[in-house]
$ cat data-v1.txt   # compact mmCIF, C-alpha atoms
# COMPACT_ATOMS: atom_id res chain seq x y z
CA MET A 1 -18.08 -2.33 0.93
CA ASP A 2 -18.31 -0.08 -2.11
CA TYR A 3 -15.01 1.53 -3.10
CA LEU A 4 -16.85 4.11 -5.17
CA ASN A 5 -18.02 5.82 -1.95
CA TYR A 6 -14.39 6.80 -1.31
CA LEU A 7 -13.25 7.64 -4.85
CA ARG A 8 -13.44 10.80 -6.93
CA LYS A 9 -15.14 9.14 -9.88
CA ASP A 10 -14.39 11.98 -12.29
CA LYS A 11 -10.65 11.38 -11.77
CA MET A 12 -10.84 7.66 -12.55
CA PRO A 13 -9.43 5.54 -14.15
CA HIS A 14 -6.13 6.21 -12.42
CA ILE A 15 -2.85 6.74 -14.27
CA TRP A 16 -1.00 3.74 -12.82
CA CYS A 17 0.24 1.26 -15.44
CA ASP A 18 -1.33 -2.09 -16.09
CA GLY A 19 -0.15 -4.56 -13.46
CA CYS A 20 1.01 -1.84 -11.03
CA GLY A 21 0.44 -2.81 -7.40
CA HIS A 22 -0.41 0.68 -6.15
CA GLY A 23 -4.12 0.21 -6.85
CA ILE A 24 -4.14 -2.94 -4.70
CA VAL A 25 -2.55 -1.07 -1.78
CA LEU A 26 -4.97 1.85 -2.16
CA LYS A 27 -7.82 -0.66 -1.95
CA SER A 28 -6.36 -1.99 1.31
CA ILE A 29 -6.32 1.54 2.74
CA LEU A 30 -9.94 2.15 1.70
CA ARG A 31 -11.10 -1.20 3.11
CA THR A 32 -9.45 -0.42 6.43
CA VAL A 33 -10.96 3.07 6.59
CA ASP A 34 -14.37 1.51 5.84
CA LYS A 35 -13.86 -1.16 8.52
CA LEU A 36 -12.93 1.38 11.18
CA GLY A 37 -15.90 3.54 10.17
CA TRP A 38 -13.90 6.77 10.04
CA ASP A 39 -15.66 9.89 8.78
CA LYS A 40 -14.26 11.03 5.43
CA ASN A 41 -14.07 14.62 6.70
CA GLU A 42 -11.81 13.61 9.58
CA ILE A 43 -9.11 12.04 7.43
CA ALA A 44 -6.21 13.91 5.90
CA LEU A 45 -4.30 12.06 3.18
CA ILE A 46 -1.00 13.70 2.30
CA SER A 47 1.58 12.82 -0.32
CA GLY A 48 4.75 14.11 -1.93
CA ILE A 49 5.76 13.44 -5.53
CA GLY A 50 5.88 10.16 -7.38
CA CYS A 51 3.64 7.40 -8.70
CA SER A 52 2.33 6.51 -5.24
CA SER A 53 1.82 10.18 -4.47
CA ARG A 54 -0.92 10.37 -7.09
CA THR A 55 -3.13 8.58 -4.56
CA PRO A 56 -4.68 11.70 -2.91
CA GLY A 57 -6.02 12.77 -6.30
CA TYR A 58 -8.30 9.77 -6.47
CA VAL A 59 -9.75 9.57 -2.96
CA ASP A 60 -12.48 11.72 -1.48
CA PHE A 61 -10.79 12.71 1.83
CA ASN A 62 -9.11 15.97 2.81
CA THR A 63 -6.11 15.62 0.55
CA LEU A 64 -2.84 17.42 0.04
CA HIS A 65 -0.33 16.85 -2.76
CA THR A 66 2.87 18.53 -1.61
CA THR A 67 6.48 19.03 -2.65
CA HIS A 68 8.92 16.17 -3.17
CA GLY A 69 9.80 14.38 0.06
CA ARG A 70 8.13 16.98 2.31
CA ALA A 71 4.81 15.20 2.85
CA LEU A 72 5.73 14.34 6.44
CA SER A 73 6.47 17.98 7.29
CA PHE A 74 3.08 19.07 5.96
CA ALA A 75 1.47 16.19 7.87
CA THR A 76 3.22 17.31 11.07
CA GLY A 77 1.73 20.76 10.62
CA ILE A 78 -1.76 19.37 10.07
CA LYS A 79 -1.49 17.04 13.06
CA ILE A 80 -0.33 19.85 15.40
CA SER A 81 -3.06 22.27 14.32
CA LYS A 82 -5.80 19.61 14.18
CA PRO A 83 -4.85 16.80 16.56
CA LYS A 84 -8.14 14.96 16.04
CA MET A 85 -7.58 14.58 12.31
CA HIS A 86 -6.52 11.06 11.26
CA THR A 87 -3.34 11.90 9.39
CA ILE A 88 -2.22 9.40 6.76
CA VAL A 89 0.83 9.95 4.56
CA VAL A 90 1.36 7.90 1.42
CA SER A 91 4.82 7.92 -0.02
CA GLY A 92 7.03 6.05 -2.42
CA ASP A 93 10.43 4.59 -1.66
CA GLY A 94 12.29 7.47 -3.32
CA ASP A 95 10.03 10.12 -1.81
CA ALA A 96 10.36 8.70 1.72
CA THR A 97 13.98 7.58 1.89
CA ALA A 98 15.91 9.60 -0.69
CA ILE A 99 14.47 13.07 -1.17
CA GLY A 100 12.58 13.02 2.12
CA GLY A 101 15.04 10.82 4.00
CA ASN A 102 15.71 13.33 6.75
CA HIS A 103 12.03 14.13 7.23
CA PHE A 104 11.35 10.41 7.49
CA ILE A 105 13.88 9.63 10.22
CA HIS A 106 13.05 12.80 12.18
CA ALA A 107 9.30 12.16 12.08
CA ALA A 108 10.10 8.71 13.46
CA ARG A 109 12.43 10.18 16.11
CA ARG A 110 9.78 12.64 17.28
CA ASN A 111 7.17 9.87 17.17
CA MET A 112 4.55 12.16 15.67
CA ASP A 113 1.10 10.56 15.58
CA ILE A 114 1.15 9.97 11.81
CA ASN A 115 0.47 6.82 9.79
CA LEU A 116 2.96 6.45 6.96
CA ILE A 117 2.24 3.96 4.20
CA ILE A 118 5.19 3.43 1.88
CA PHE A 119 4.53 1.97 -1.56
CA ASN A 120 7.93 0.43 -2.19
CA ASN A 121 8.47 -0.52 -5.84
CA ASN A 122 12.32 -0.40 -5.73
CA ILE A 123 12.55 2.16 -8.53
CA TYR A 124 11.67 5.72 -9.59
CA GLY A 125 8.80 4.63 -11.82
CA MET A 126 7.37 8.01 -12.81
CA THR A 127 10.56 9.56 -14.16
CA GLY A 128 11.67 6.59 -16.24
CA GLY A 129 13.11 3.89 -13.99
CA GLN A 130 16.17 5.41 -12.35
CA CYS A 131 17.55 3.35 -9.46
CA SER A 132 16.27 4.37 -6.05
CA PRO A 133 17.74 3.80 -2.55
CA THR A 134 15.84 0.52 -2.31
CA THR A 135 16.89 -0.98 -5.66
CA PRO A 136 18.71 -4.19 -4.63
CA THR A 137 22.41 -4.58 -5.44
CA GLY A 138 23.04 -5.90 -8.95
CA LYS A 139 19.55 -5.15 -10.24
CA PHE A 140 19.03 -3.15 -13.41
CA ALA A 141 17.57 0.31 -13.84
CA SER A 142 17.77 2.93 -16.57
CA THR A 143 20.68 4.58 -14.70
CA SER A 144 22.42 1.30 -13.88
CA GLN A 145 22.39 -0.71 -17.07
CA PHE A 146 25.16 -3.03 -15.90
CA GLY A 147 23.72 -3.62 -12.44
CA ASN A 148 23.30 -1.35 -9.43
CA PRO A 149 26.54 -1.10 -7.42
CA ASP A 150 24.90 0.33 -4.25
CA SER A 151 23.49 -1.47 -1.24
CA PRO A 152 19.77 -0.93 -0.69
CA PHE A 153 18.05 0.59 2.31
CA ASP A 154 15.91 -1.67 4.48
CA ILE A 155 13.10 0.84 5.12
CA SER A 156 11.46 -1.12 7.92
CA ARG A 157 14.71 -1.60 9.85
CA LEU A 158 15.53 2.09 9.34
CA ALA A 159 12.15 3.17 10.77
CA GLU A 160 12.54 0.76 13.66
CA ALA A 161 15.98 2.12 14.54
CA ALA A 162 14.80 5.73 14.17
CA GLY A 163 12.17 5.23 16.88
CA ALA A 164 8.81 4.51 15.23
CA SER A 165 6.06 2.94 17.38
CA PHE A 166 4.93 0.41 14.83
CA VAL A 167 6.69 -0.93 11.76
CA ALA A 168 5.45 -3.69 9.47
CA ARG A 169 6.11 -4.89 5.96
CA SER A 170 3.76 -6.63 3.60
CA THR A 171 3.49 -7.16 -0.14
CA ALA A 172 0.79 -6.19 -2.62
CA TYR A 173 -0.02 -9.86 -3.20
CA HIS A 174 -0.69 -10.49 0.53
CA PHE A 175 -3.66 -8.11 0.68
CA ALA A 176 -5.10 -9.68 3.83
CA LYS A 177 -1.81 -9.11 5.65
CA THR A 178 -1.67 -5.53 4.35
CA ASP A 179 -5.21 -4.91 5.64
CA LYS A 180 -4.23 -6.29 9.06
CA TYR A 181 -1.06 -4.19 9.36
CA ILE A 182 -2.74 -0.99 8.16
CA GLU A 183 -5.51 -1.54 10.71
CA MET A 184 -2.95 -2.10 13.48
CA ALA A 185 -1.15 1.09 12.40
CA PHE A 186 -4.37 3.14 12.26
CA ARG A 187 -5.39 2.02 15.75
CA LYS A 188 -2.00 2.79 17.27
CA LYS A 189 -0.73 6.11 18.62
CA GLY A 190 2.63 7.38 17.48
CA PHE A 191 4.55 7.09 14.23
CA CYS A 192 3.41 3.95 12.42
CA VAL A 193 5.05 2.77 9.23
CA VAL A 194 3.60 0.13 6.92
CA GLU A 195 5.88 -0.68 4.01
CA VAL A 196 4.12 -2.45 1.17
CA LEU A 197 6.18 -3.96 -1.64
CA SER A 198 4.42 -3.09 -4.85
CA PRO A 199 5.34 -4.45 -8.30
CA CYS A 200 6.41 -2.00 -10.99
CA PRO A 201 6.31 -3.99 -14.25
CA THR A 202 6.95 -1.01 -16.52
CA ALA A 203 10.18 0.32 -15.00
CA TYR A 204 11.50 -2.53 -12.83
CA GLY A 205 10.08 -5.84 -14.05
CA ARG A 206 10.85 -5.15 -17.69
CA ARG A 207 14.57 -4.77 -16.92
CA ASN A 208 14.84 -7.42 -14.17
CA LYS A 209 13.55 -10.65 -15.53
CA SER A 210 14.16 -12.57 -12.28
CA THR A 211 11.07 -10.99 -10.73
CA GLY A 212 8.87 -11.51 -13.78
CA LYS A 213 8.15 -9.07 -16.57
CA VAL A 214 4.46 -8.27 -16.14
CA GLY A 215 2.19 -7.53 -13.18
CA HIS A 216 0.83 -10.99 -12.51
CA GLU A 217 4.27 -12.59 -12.79
CA MET A 218 5.65 -10.11 -10.28
CA LEU A 219 2.76 -10.79 -7.88
CA LYS A 220 3.46 -14.52 -8.26
CA ASP A 221 7.12 -13.84 -7.44
CA GLN A 222 6.01 -12.05 -4.26
CA LYS A 223 3.78 -14.99 -3.37
CA GLU A 224 6.60 -17.52 -3.81
CA ASN A 225 9.49 -15.57 -2.31
CA SER A 226 7.95 -13.99 0.79
CA VAL A 227 9.31 -15.14 4.13
CA PRO A 228 7.59 -14.30 7.43
CA ILE A 229 9.95 -12.49 9.80
CA GLU A 230 9.70 -15.24 12.46
CA ARG A 231 11.09 -17.76 9.98
CA ALA A 232 13.59 -15.28 8.52
CA ARG A 233 15.23 -14.83 11.94
CA LYS A 234 16.25 -18.50 11.93
CA MET A 235 17.57 -18.41 8.35
CA LYS A 236 21.08 -17.60 7.18
CA PRO A 237 21.73 -14.36 5.23
CA GLU A 238 22.66 -16.36 2.10
CA GLU A 239 19.29 -18.10 2.16
CA LEU A 240 17.49 -14.74 2.37
CA LYS A 241 18.94 -13.43 -0.88
CA ASP A 242 16.14 -12.19 -3.20
CA LYS A 243 13.51 -13.00 -0.52
CA TYR A 244 10.94 -10.55 0.81
CA ILE A 245 10.81 -10.51 4.61
CA THR A 246 7.28 -9.65 5.72
CA GLY A 247 5.73 -9.22 9.14
CA VAL A 248 5.61 -6.90 12.13
CA PHE A 249 9.11 -5.57 12.79
CA ILE A 250 8.23 -3.70 15.96
CA ASP A 251 5.11 -2.88 17.94
CA ARG A 252 6.03 -0.91 21.07
CA ASP A 253 4.18 1.42 23.41
CA VAL A 254 6.25 4.57 23.73
CA PRO A 255 4.93 8.08 24.50
CA ASP A 256 4.20 10.00 21.31
CA TYR A 257 5.02 13.62 20.54
CA PHE A 258 1.79 15.01 22.03
CA GLU A 259 2.38 13.50 25.47
CA HIS A 260 5.72 15.32 25.72
CA TYR A 261 4.34 18.46 24.13
CA ASN A 262 1.36 18.72 26.50
CA GLU A 263 3.73 18.45 29.47
CA VAL A 264 5.77 21.31 28.07
CA LYS A 265 2.55 23.32 27.63
CA LYS A 266 1.60 22.69 31.28
CA ARG A 267 5.03 23.77 32.55
CA ALA A 268 4.91 26.91 30.42
CA LYS A 269 1.54 27.89 31.93
CA LEU A 270 2.77 27.42 35.53
CA LYS A 271 5.49 30.05 35.19
CA MET B 1 -24.22 -25.89 -10.25
CA GLU B 2 -25.87 -23.22 -8.15
CA LYS B 3 -24.63 -19.67 -8.63
CA LYS B 4 -23.00 -18.33 -5.48
CA ALA B 5 -21.94 -14.79 -6.37
CA ASP B 6 -22.64 -11.94 -8.74
CA ILE B 7 -19.68 -10.59 -10.73
CA ALA B 8 -19.89 -7.00 -11.95
CA MET B 9 -17.13 -5.61 -14.17
CA ASN B 10 -16.62 -1.98 -15.10
CA LEU B 11 -14.47 -2.61 -18.17
CA GLU B 12 -14.12 1.10 -18.95
CA TRP B 13 -11.46 1.27 -16.22
CA CYS B 14 -9.76 -2.06 -17.13
CA LYS B 15 -6.12 -1.99 -18.31
CA SER B 16 -5.92 -5.69 -19.21
CA CYS B 17 -3.26 -6.62 -16.67
CA GLU B 18 -4.65 -10.20 -16.54
CA ILE B 19 -4.27 -10.44 -12.75
CA CYS B 20 -7.87 -11.67 -12.35
CA VAL B 21 -7.37 -14.30 -15.06
CA LYS B 22 -4.16 -15.65 -13.51
CA PHE B 23 -5.14 -15.60 -9.84
CA CYS B 24 -8.75 -16.87 -9.89
CA PRO B 25 -8.61 -20.28 -8.17
CA GLN B 26 -11.76 -21.46 -10.02
CA LYS B 27 -10.74 -20.25 -13.52
CA VAL B 28 -13.81 -18.04 -13.88
CA TYR B 29 -12.12 -15.61 -16.28
CA GLU B 30 -10.44 -15.99 -19.63
CA MET B 31 -8.54 -13.38 -21.61
CA GLY B 32 -10.54 -12.08 -24.57
CA LYS B 33 -9.04 -10.06 -27.42
CA PHE B 34 -8.59 -6.96 -25.23
CA TYR B 35 -10.38 -7.49 -21.93
CA PRO B 36 -10.96 -10.44 -19.62
CA LYS B 37 -14.31 -12.15 -20.02
CA ILE B 38 -16.30 -14.28 -17.63
CA ILE B 39 -16.47 -17.84 -18.97
CA ALA B 40 -17.72 -19.75 -15.91
CA PRO B 41 -19.87 -17.53 -13.70
CA GLU B 42 -21.39 -20.53 -11.93
CA ALA B 43 -17.93 -21.68 -10.77
CA CYS B 44 -17.36 -18.47 -8.76
CA THR B 45 -17.37 -19.12 -5.02
CA GLY B 46 -17.29 -15.45 -4.03
CA CYS B 47 -13.80 -15.62 -2.48
CA LYS B 48 -13.11 -12.03 -3.64
CA ILE B 49 -9.42 -12.70 -4.52
CA CYS B 50 -9.94 -11.09 -7.95
CA GLU B 51 -11.75 -8.11 -6.41
CA ASN B 52 -9.00 -7.51 -3.85
CA LEU B 53 -6.16 -7.97 -6.35
CA CYS B 54 -7.70 -5.90 -9.16
CA PRO B 55 -5.61 -2.69 -9.16
CA ASP B 56 -8.08 -0.77 -11.33
CA PHE B 57 -11.30 -1.03 -9.29
CA VAL B 58 -12.95 -2.97 -12.12
CA ILE B 59 -14.35 -6.08 -10.43
CA THR B 60 -17.07 -6.11 -7.77
CA ILE B 61 -18.11 -9.47 -6.33
CA THR B 62 -21.34 -9.70 -4.36
CA PRO B 63 -21.86 -13.10 -2.73
CA LEU B 64 -25.57 -13.89 -3.03
CA LYS B 65 -25.89 -14.51 0.73
CA GLU B 66 -24.76 -10.93 1.38
CA LYS B 67 -27.03 -9.64 -1.36
CA LYS B 68 -30.09 -11.30 0.20
CA LYS B 69 -29.20 -9.77 3.55
CA LEU B 70 -28.92 -6.33 1.98
CA GLU B 71 -32.27 -6.69 0.22
CA THR B 72 -34.14 -7.81 3.32
CA ALA B 73 -32.52 -5.18 5.57
$ encode --input "data-v1.txt" --output "structure tokens"
Amino acid sequence: MDYLNYLRKDKMPHIWCDGCGHGIVLKSILRTVDKLGWDKNEIALISGIGCSSRTPGYVDFNTLHTTHGRALSFATGIKISKPKMHTIVVSGDGDATAIGGNHFIHAARRNMDINLIIFNNNIYGMTGGQCSPTTPTGKFASTSQFGNPDSPFDISRLAEAAGASFVARSTAYHFAKTDKYIEMAFRKKGFCVVEVLSPCPTAYGRRNKSTGKVGHEMLKDQKENSVPIERARKMKPEELKDKYITGVFIDRDVPDYFEHYNEVKKRAKLK
Amino acid sequence: MEKKADIAMNLEWCKSCEICVKFCPQKVYEMGKFYPKIIAPEACTGCKICENLCPDFVITITPLKEKKKLETA
């Protein structure tokens, strides 16, 4: 496949730092779209604010760059007015779980037919490396120079508990796995979340030497410390410290928003 | 050794992150002064690991089998 068919060439090269994993995840999305043979005019790519949310600027779909954390609300509107549009939301960890936390859990609760791809880099990269809700305890950020005292969110578990149809986690290094999960999400009805761990060498790696300082070291760290969820279930919590659990968290067939909504429409017409 | 794949690099978009140099299983690339350079093009097997891991859309690998198919089609 040729990525250039899907890119706005005048906007390239992108602004992401050297070694940033976001480009790798964007490639996975483009490969999957190419594999499924979707028409570019039938895809809506929506984002909020953040590094990951620069994505819609570079791809040649119907794109929308919205306010911080509200990408899912805009996506809901698009999906309701144009149900045939393939609606994809790209979001960062801060955009999805901090600023847009409520929108995230309520989109999952409603089970809107939206595909959400979260680029999780454990930090607010764009604004200078402040700690985000997914920065692990004890790790360093520009706002926690002596270690982060808070516990991190587990985005995949949160989405699973909130009622999403499909939840999976992969890493930027495991691009084949990412492709597979994004394809599963795109083929499925209902709210599908794919969380991809993406290295941020500039804001996170530089301060946290355990994960490596530069892009390729951080990718190597992902390669060495990823644990498939089947194996992670048999391991003790102490053994899972600093490991990345990857795999399909849930894949269930539950009625999505439109099934309920069409029933309501029918009942309203009968009266 | 017979050449198995074509490597095209658009270095204008390259940010020198060295991911291709570090992850190529056949050591096809080496870091130059600023940008990676291809030192062993005949060693490339066309596995596309560097293409898939390149965050900046620089590398395009065309395995010669695929290329022949495209030309005849």
$ closest_residue --input "data-v1.txt" --among "B:Lys65, B:Ile7, B:Pro36, B:Thr45" --to "Ile19 (chain B)" --atoms "all atoms listed in the file"
B:Pro36
$ interface_residues --input "data-v1.txt" --of "chain B" --to "chain A" --cutoff "6 Å" --atoms "all atoms listed in the file" --output "list in words"
Trp13, Lys15, Cys17, Ile19, Leu53 and Pro55 of chain B
$ residues_near_point --input "data-v1.txt" --point "(15.4, -11.0, -1.2)" --cutoff "10 Å" --atoms "all atoms listed in the file" --output "list in words"
Pro136, Gln222, Asn225, Ser226, Val227, Pro237, Glu238, Glu239, Leu240, Lys241, Asp242, Lys243, Tyr244 and Ile245 of chain A
$ residues_around --input "data-v1.txt" --residues "Asp251 (chain A)" --least-positions-apart "6" --cutoff "7 Å" --atoms "all atoms listed in the file" --output "number ranges by chain"
A: 165-167
$ closest_residue --input "data-v1.txt" --among "A:Arg169, A:Lys84, A:Lys223, A:His103" --to "Phe258 (chain A)" --atoms "only C-alpha atoms"
A:Lys84
$ closest_residue --input "data-v1.txt" --among "B:Thr60, B:Cys54, B:Glu66, B:Ala40" --to "Glu2 (chain B)" --atoms "all atoms listed in the file"
B:Ala40
$ atom_distance --input "data-v1.txt" --atom1 "CA of Ala71 (chain A)" --atom2 "CA of Gly205 (chain A)"
27.5 Å
$ atom_distance --input "data-v1.txt" --atom1 "CA of Glu224 (chain A)" --atom2 "CA of Arg157 (chain A)"
22.5 Å
$ atom_distance --input "data-v1.txt" --atom1 "CA of Gly69 (chain A)" --atom2 "CA of Asp10 (chain A)"
27.3 Å
$ closest_residue --input "data-v1.txt" --among "A:Val59, A:Val254, A:Ile123, A:Ala268" --to "Ser198 (chain A)" --atoms "all atoms listed in the file"
A:Ile123
$ closest_residue --input "data-v1.txt" --among "B:Tyr35, B:Glu42, B:Lys48, B:Leu70" --to "Glu12 (chain B)" --atoms "all atoms listed in the file"
B:Tyr35
$ closest_residue --input "data-v1.txt" --among "B:Cys44, B:Thr62, B:Asp56, B:Lys3" --to "Cys24 (chain B)" --atoms "all atoms listed in the file"
B:Cys44
$ residues_around --input "data-v1.txt" --residues "Ala161 (chain A)" --least-positions-apart "6" --cutoff "12 Å" --atoms "all atoms listed in the file" --output "list in words"
Phe104, Ile105, His106, Ala108, Arg109, Asp154, Ile155, Val167, Phe249 and Ile250 of chain A
$ residues_around --input "data-v1.txt" --residues "region 185-194 of chain A" --least-positions-apart "4" --cutoff "7 Å" --atoms "only C-alpha atoms" --output "PyMOL selection string"
chain A and resi 108+111-118+164-169+181+256
$ write_last_selection --input "data-v1.txt" --atoms "C-alpha atoms" --output "compact mmCIF listing (two decimals), keeping the file's coordinate frame"
# COMPACT_ATOMS: atom_id res chain seq x y z
CA ALA A 108 10.10 8.71 13.46
CA ASN A 111 7.17 9.87 17.17
CA MET A 112 4.55 12.16 15.67
CA ASP A 113 1.10 10.56 15.58
CA ILE A 114 1.15 9.97 11.81
CA ASN A 115 0.47 6.82 9.79
CA LEU A 116 2.96 6.45 6.96
CA ILE A 117 2.24 3.96 4.20
CA ILE A 118 5.19 3.43 1.88
CA ALA A 164 8.81 4.51 15.23
CA SER A 165 6.06 2.94 17.38
CA PHE A 166 4.93 0.41 14.83
CA VAL A 167 6.69 -0.93 11.76
CA ALA A 168 5.45 -3.69 9.47
CA ARG A 169 6.11 -4.89 5.96
CA TYR A 181 -1.06 -4.19 9.36
CA ASP A 256 4.20 10.00 21.31
$ residues_around --input "data-v1.txt" --residues "Tyr29 (chain B)" --least-positions-apart "2" --cutoff "6 Å" --atoms "only C-alpha atoms" --output "VMD selection string"
chain B and resid 21 27 37 to 39
$ decode --input "data-v1.txt" --residues "region 6-14 of chain B" --atoms "all heavy atoms" --output "mmCIF file, in the first residue's frame"
data_model
loop_
_atom_site.group_PDB
_atom_site.id
_atom_site.type_symbol
_atom_site.label_atom_id
_atom_site.label_comp_id
_atom_site.auth_asym_id
_atom_site.auth_seq_id
_atom_site.Cartn_x
_atom_site.Cartn_y
_atom_site.Cartn_z
ATOM 1 N N ASP B 6 13.414 -3.436 -2.961
ATOM 2 C CA ASP B 6 13.848 -2.068 -3.229
ATOM 3 C C ASP B 6 13.600 -1.211 -1.996
ATOM 4 O O ASP B 6 12.519 -1.282 -1.405
ATOM 5 C CB ASP B 6 13.035 -1.487 -4.398
ATOM 6 C CG ASP B 6 13.774 -1.655 -5.715
ATOM 7 O OD1 ASP B 6 14.944 -2.062 -5.653
ATOM 8 O OD2 ASP B 6 13.175 -1.408 -6.765
ATOM 9 N N ILE B 7 14.558 -0.394 -1.597
ATOM 10 C CA ILE B 7 14.362 0.505 -0.458
ATOM 11 C C ILE B 7 14.328 1.929 -0.989
ATOM 12 O O ILE B 7 15.289 2.374 -1.625
ATOM 13 C CB ILE B 7 15.499 0.372 0.575
ATOM 14 C CG1 ILE B 7 15.735 -1.093 0.939
ATOM 15 C CG2 ILE B 7 15.185 1.178 1.822
ATOM 16 C CD1 ILE B 7 16.996 -1.333 1.727
ATOM 17 N N ALA B 8 13.236 2.639 -0.734
ATOM 18 C CA ALA B 8 13.166 4.050 -1.121
ATOM 19 C C ALA B 8 13.073 4.880 0.152
ATOM 20 O O ALA B 8 12.309 4.554 1.056
ATOM 21 C CB ALA B 8 11.951 4.276 -1.998
ATOM 22 N N MET B 9 13.879 5.926 0.247
ATOM 23 C CA MET B 9 13.843 6.768 1.451
ATOM 24 C C MET B 9 13.614 8.223 1.059
ATOM 25 O O MET B 9 14.320 8.762 0.210
ATOM 26 C CB MET B 9 15.160 6.661 2.222
ATOM 27 C CG MET B 9 15.350 5.302 2.842
ATOM 28 S SD MET B 9 16.915 5.177 3.689
ATOM 29 C CE MET B 9 16.460 5.728 5.319
ATOM 30 N N ASN B 10 12.622 8.819 1.700
ATOM 31 C CA ASN B 10 12.333 10.233 1.492
ATOM 32 C C ASN B 10 12.954 11.002 2.656
ATOM 33 O O ASN B 10 12.284 11.314 3.637
ATOM 34 C CB ASN B 10 10.809 10.417 1.420
ATOM 35 C CG ASN B 10 10.409 11.856 1.283
ATOM 36 O OD1 ASN B 10 11.249 12.715 1.062
ATOM 37 N ND2 ASN B 10 9.131 12.139 1.430
ATOM 38 N N LEU B 11 14.250 11.303 2.555
ATOM 39 C CA LEU B 11 14.961 11.833 3.723
ATOM 40 C C LEU B 11 14.540 13.251 4.102
ATOM 41 O O LEU B 11 14.876 13.729 5.182
ATOM 42 C CB LEU B 11 16.471 11.781 3.472
ATOM 43 C CG LEU B 11 17.059 10.368 3.506
ATOM 44 C CD1 LEU B 11 18.526 10.391 3.143
ATOM 45 C CD2 LEU B 11 16.875 9.721 4.862
ATOM 46 N N GLU B 12 13.783 13.911 3.241
ATOM 47 C CA GLU B 12 13.301 15.255 3.594
ATOM 48 C C GLU B 12 12.408 15.224 4.840
ATOM 49 O O GLU B 12 12.305 16.202 5.563
ATOM 50 C CB GLU B 12 12.474 15.821 2.442
ATOM 51 C CG GLU B 12 13.319 16.504 1.401
ATOM 52 C CD GLU B 12 12.475 17.127 0.315
ATOM 53 O OE1 GLU B 12 11.264 17.286 0.510
ATOM 54 O OE2 GLU B 12 13.041 17.440 -0.734
ATOM 55 N N TRP B 13 11.717 14.083 5.050
ATOM 56 C CA TRP B 13 10.819 13.974 6.199
ATOM 57 C C TRP B 13 11.490 13.316 7.406
ATOM 58 O O TRP B 13 10.892 13.191 8.459
ATOM 59 C CB TRP B 13 9.576 13.143 5.812
ATOM 60 C CG TRP B 13 8.679 13.813 4.825
ATOM 61 C CD1 TRP B 13 8.849 15.048 4.276
ATOM 62 C CD2 TRP B 13 7.466 13.311 4.259
ATOM 63 N NE1 TRP B 13 7.833 15.331 3.411
ATOM 64 C CE2 TRP B 13 6.967 14.282 3.381
ATOM 65 C CE3 TRP B 13 6.753 12.121 4.414
ATOM 66 C CZ2 TRP B 13 5.786 14.110 2.657
ATOM 67 C CZ3 TRP B 13 5.591 11.940 3.704
ATOM 68 C CH2 TRP B 13 5.111 12.926 2.825
ATOM 69 N N CYS B 14 12.745 12.871 7.262
ATOM 70 C CA CYS B 14 13.419 12.089 8.312
ATOM 71 C C CYS B 14 13.810 12.988 9.491
ATOM 72 O O CYS B 14 14.265 14.113 9.287
ATOM 73 C CB CYS B 14 14.651 11.405 7.747
ATOM 74 S SG CYS B 14 15.519 10.386 8.952
#
